$ cat query.pdb   # PDB, C-alpha atoms
ATOM      1  CA  MET G   1     -36.071  39.495 -72.520
ATOM      2  CA  SER G   2     -34.464  40.848 -69.375
ATOM      3  CA  ALA G   3     -36.226  43.846 -67.947
ATOM      4  CA  LEU G   4     -34.689  47.299 -67.773
ATOM      5  CA  VAL G   5     -35.849  49.052 -64.635
ATOM      6  CA  TRP G   6     -35.588  52.804 -64.265
ATOM      7  CA  SER G   7     -33.747  54.085 -61.241
ATOM      8  CA  GLU G   8     -32.310  57.442 -60.236
ATOM      9  CA  GLN G   9     -28.954  55.943 -61.103
ATOM     10  CA  HIS G  10     -29.961  56.427 -64.759
ATOM     11  CA  ALA G  11     -31.005  60.054 -64.279
ATOM     12  CA  LEU G  12     -29.073  62.722 -66.148
ATOM     13  CA  GLN G  13     -30.574  65.614 -64.155
ATOM     14  CA  HIS G  14     -32.108  66.986 -67.361
ATOM     15  CA  ALA G  15     -35.846  66.910 -66.719
ATOM     16  CA  GLN G  16     -37.032  66.542 -70.312
ATOM     17  CA  MET G  17     -34.418  63.924 -71.215
ATOM     18  CA  ASP G  18     -35.020  61.968 -68.018
ATOM     19  CA  ALA G  19     -38.782  61.976 -68.705
ATOM     20  CA  THR G  20     -38.132  60.642 -72.216
ATOM     21  CA  HIS G  21     -35.908  57.905 -70.815
ATOM     22  CA  VAL G  22     -38.530  56.940 -68.225
ATOM     23  CA  GLU G  23     -41.098  56.707 -71.021
ATOM     24  CA  PHE G  24     -38.707  54.518 -73.038
ATOM     25  CA  VAL G  25     -38.305  52.120 -70.103
ATOM     26  CA  GLU G  26     -42.100  51.960 -69.675
ATOM     27  CA  LEU G  27     -42.672  51.282 -73.388
ATOM     28  CA  LEU G  28     -39.968  48.614 -73.371
ATOM     29  CA  ALA G  29     -41.699  46.924 -70.424
ATOM     30  CA  GLN G  30     -45.027  47.038 -72.289
ATOM     31  CA  ALA G  31     -43.462  45.418 -75.350
ATOM     32  CA  ASP G  32     -41.830  42.801 -73.133
ATOM     33  CA  ALA G  33     -45.174  42.041 -71.461
ATOM     34  CA  ALA G  34     -46.758  41.542 -74.889
ATOM     35  CA  LEU G  35     -44.356  38.701 -75.726
ATOM     36  CA  GLU G  36     -46.776  36.253 -74.114
ATOM     37  CA  GLY G  37     -49.860  37.599 -75.875
ATOM     38  CA  GLU G  38     -51.186  38.056 -79.354
ATOM     39  CA  PRO G  39     -48.586  38.753 -82.066
ATOM     40  CA  ALA G  40     -50.603  41.743 -83.302
ATOM     41  CA  GLU G  41     -50.417  43.371 -79.868
ATOM     42  CA  LEU G  42     -46.680  42.745 -79.655
ATOM     43  CA  LEU G  43     -46.247  44.367 -83.073
ATOM     44  CA  ARG G  44     -48.375  47.353 -82.035
ATOM     45  CA  ARG G  45     -46.377  47.885 -78.835
ATOM     46  CA  PHE G  46     -43.077  47.384 -80.646
ATOM     47  CA  ASN G  47     -44.063  49.996 -83.238
ATOM     48  CA  VAL G  48     -44.918  52.458 -80.458
ATOM     49  CA  LEU G  49     -41.490  51.793 -78.945
ATOM     50  CA  VAL G  50     -39.753  52.308 -82.301
ATOM     51  CA  ASP G  51     -41.663  55.550 -82.979
ATOM     52  CA  HIS G  52     -40.725  56.830 -79.524
ATOM     53  CA  THR G  53     -37.079  55.916 -80.050
ATOM     54  CA  VAL G  54     -36.896  57.642 -83.443
ATOM     55  CA  ALA G  55     -38.429  60.808 -81.957
ATOM     56  CA  HIS G  56     -36.136  60.568 -78.924
ATOM     57  CA  PHE G  57     -32.944  60.437 -80.990
ATOM     58  CA  ALA G  58     -34.193  63.187 -83.304
ATOM     59  CA  GLN G  59     -34.751  65.428 -80.269
ATOM     60  CA  GLU G  60     -31.283  64.667 -78.924
ATOM     61  CA  ASP G  61     -29.809  65.420 -82.363
ATOM     62  CA  ARG G  62     -31.546  68.814 -82.345
ATOM     63  CA  TRP G  63     -30.183  69.565 -78.862
ATOM     64  CA  MET G  64     -26.652  68.615 -79.901
ATOM     65  CA  ALA G  65     -26.856  70.713 -83.069
ATOM     66  CA  ALA G  66     -28.083  73.677 -81.033
ATOM     67  CA  THR G  67     -25.102  73.497 -78.711
TER      68      THR G  67
END

$ encode --input "query.pdb" --output "structure tokens"
Amino acid sequence: MSALVWSEQHALQHAQMDATHVEFVELLAQADAALEGEPAELLRRFNVLVDHTVAHFAQEDRWMAAT
């Protein structure tokens, strides 16, 4: 998998959203690193990434609904 690397170019200048995006990039890198290891660890890291992504989009939905 090709790596996504966070840079200020990705920043939206919204502190909470940028922090969530940085965390996403970190979790994606952890899942990517687990590709070479035990399948159970890859599944664990992938599930953490999925949980984060679901929460992330739910938060953005709440922000959009509020505006």

$ atom_distance --input "query.pdb" --atom1 "CA of Phe57 in chain G" --atom2 "CA of Ala40 in chain G"
25.8 Å

$ residues_around --input "query.pdb" --residues "His56 in chain G" --least-positions-apart "2" --cutoff "12 Å" --atoms "all atoms listed in the file" --output "PyMOL selection string"
chain G and resi 16-24+49-54+58-63

$ resolve_selection --input "query.pdb" --expression "the PyMOL selection byres ((chain G and resi 2-13) around 8)" --output "ChimeraX atom specification"
/G:1,14-15,17-18,22,25,28-29,32

$ atom_distance --input "query.pdb" --atom1 "CA of Leu35 in chain G" --atom2 "CA of Asn47 in chain G"
13.6 Å

$ atom_distance --input "query.pdb" --atom1 "CA of Ala34 in chain G" --atom2 "CA of Ala55 in chain G"
22.1 Å

$ build_atoms --input "query.pdb" --residues "range 49-65 of chain G" --atoms "N, CA, C and O atoms" --output "PDB file, in the frame of the given file"
ATOM      1  N   LEU G  49     -42.843  51.667 -79.476  1.00  0.00           N
ATOM      2  CA  LEU G  49     -41.490  51.793 -78.945  1.00  0.00           C
ATOM      3  C   LEU G  49     -40.533  52.338 -80.010  1.00  0.00           C
ATOM      4  O   LEU G  49     -39.736  53.246 -79.735  1.00  0.00           O
ATOM      5  N   VAL G  50     -40.620  51.831 -81.211  1.00  0.00           N
ATOM      6  CA  VAL G  50     -39.753  52.308 -82.301  1.00  0.00           C
ATOM      7  C   VAL G  50     -40.045  53.775 -82.603  1.00  0.00           C
ATOM      8  O   VAL G  50     -39.110  54.585 -82.730  1.00  0.00           O
ATOM      9  N   ASP G  51     -41.306  54.154 -82.707  1.00  0.00           N
ATOM     10  CA  ASP G  51     -41.663  55.550 -82.979  1.00  0.00           C
ATOM     11  C   ASP G  51     -41.108  56.475 -81.889  1.00  0.00           C
ATOM     12  O   ASP G  51     -40.572  57.547 -82.178  1.00  0.00           O
ATOM     13  N   HIS G  52     -41.251  56.046 -80.650  1.00  0.00           N
ATOM     14  CA  HIS G  52     -40.725  56.830 -79.524  1.00  0.00           C
ATOM     15  C   HIS G  52     -39.212  56.976 -79.630  1.00  0.00           C
ATOM     16  O   HIS G  52     -38.664  58.068 -79.438  1.00  0.00           O
ATOM     17  N   THR G  53     -38.534  55.899 -79.963  1.00  0.00           N
ATOM     18  CA  THR G  53     -37.079  55.916 -80.050  1.00  0.00           C
ATOM     19  C   THR G  53     -36.595  56.819 -81.179  1.00  0.00           C
ATOM     20  O   THR G  53     -35.643  57.591 -81.008  1.00  0.00           O
ATOM     21  N   VAL G  54     -37.255  56.769 -82.320  1.00  0.00           N
ATOM     22  CA  VAL G  54     -36.896  57.642 -83.443  1.00  0.00           C
ATOM     23  C   VAL G  54     -37.066  59.105 -83.034  1.00  0.00           C
ATOM     24  O   VAL G  54     -36.174  59.943 -83.270  1.00  0.00           O
ATOM     25  N   ALA G  55     -38.186  59.436 -82.401  1.00  0.00           N
ATOM     26  CA  ALA G  55     -38.429  60.808 -81.957  1.00  0.00           C
ATOM     27  C   ALA G  55     -37.416  61.225 -80.892  1.00  0.00           C
ATOM     28  O   ALA G  55     -36.923  62.363 -80.893  1.00  0.00           O
ATOM     29  N   HIS G  56     -37.096  60.318 -80.003  1.00  0.00           N
ATOM     30  CA  HIS G  56     -36.136  60.568 -78.924  1.00  0.00           C
ATOM     31  C   HIS G  56     -34.771  60.946 -79.500  1.00  0.00           C
ATOM     32  O   HIS G  56     -34.182  61.969 -79.129  1.00  0.00           O
ATOM     33  N   PHE G  57     -34.263  60.141 -80.421  1.00  0.00           N
ATOM     34  CA  PHE G  57     -32.944  60.437 -80.990  1.00  0.00           C
ATOM     35  C   PHE G  57     -32.974  61.696 -81.856  1.00  0.00           C
ATOM     36  O   PHE G  57     -31.994  62.453 -81.873  1.00  0.00           O
ATOM     37  N   ALA G  58     -34.075  61.955 -82.518  1.00  0.00           N
ATOM     38  CA  ALA G  58     -34.193  63.187 -83.304  1.00  0.00           C
ATOM     39  C   ALA G  58     -34.126  64.404 -82.384  1.00  0.00           C
ATOM     40  O   ALA G  58     -33.460  65.400 -82.700  1.00  0.00           O
ATOM     41  N   GLN G  59     -34.799  64.325 -81.244  1.00  0.00           N
ATOM     42  CA  GLN G  59     -34.751  65.428 -80.269  1.00  0.00           C
ATOM     43  C   GLN G  59     -33.329  65.625 -79.758  1.00  0.00           C
ATOM     44  O   GLN G  59     -32.828  66.745 -79.687  1.00  0.00           O
ATOM     45  N   GLU G  60     -32.657  64.540 -79.412  1.00  0.00           N
ATOM     46  CA  GLU G  60     -31.283  64.667 -78.924  1.00  0.00           C
ATOM     47  C   GLU G  60     -30.361  65.224 -80.010  1.00  0.00           C
ATOM     48  O   GLU G  60     -29.466  66.024 -79.709  1.00  0.00           O
ATOM     49  N   ASP G  61     -30.588  64.852 -81.257  1.00  0.00           N
ATOM     50  CA  ASP G  61     -29.809  65.420 -82.363  1.00  0.00           C
ATOM     51  C   ASP G  61     -30.020  66.938 -82.447  1.00  0.00           C
ATOM     52  O   ASP G  61     -29.059  67.695 -82.661  1.00  0.00           O
ATOM     53  N   ARG G  62     -31.266  67.381 -82.295  1.00  0.00           N
ATOM     54  CA  ARG G  62     -31.546  68.814 -82.345  1.00  0.00           C
ATOM     55  C   ARG G  62     -30.847  69.546 -81.200  1.00  0.00           C
ATOM     56  O   ARG G  62     -30.280  70.624 -81.391  1.00  0.00           O
ATOM     57  N   TRP G  63     -30.868  68.940 -79.999  1.00  0.00           N
ATOM     58  CA  TRP G  63     -30.183  69.565 -78.862  1.00  0.00           C
ATOM     59  C   TRP G  63     -28.676  69.663 -79.115  1.00  0.00           C
ATOM     60  O   TRP G  63     -28.060  70.678 -78.827  1.00  0.00           O
ATOM     61  N   MET G  64     -28.096  68.604 -79.636  1.00  0.00           N
ATOM     62  CA  MET G  64     -26.652  68.615 -79.901  1.00  0.00           C
ATOM     63  C   MET G  64     -26.318  69.647 -80.966  1.00  0.00           C
ATOM     64  O   MET G  64     -25.316  70.375 -80.836  1.00  0.00           O
ATOM     65  N   ALA G  65     -27.106  69.740 -82.006  1.00  0.00           N
ATOM     66  CA  ALA G  65     -26.856  70.713 -83.069  1.00  0.00           C
ATOM     67  C   ALA G  65     -26.975  72.147 -82.525  1.00  0.00           C
ATOM     68  O   ALA G  65     -26.227  73.034 -82.947  1.00  0.00           O
TER      69      ALA G  65
END
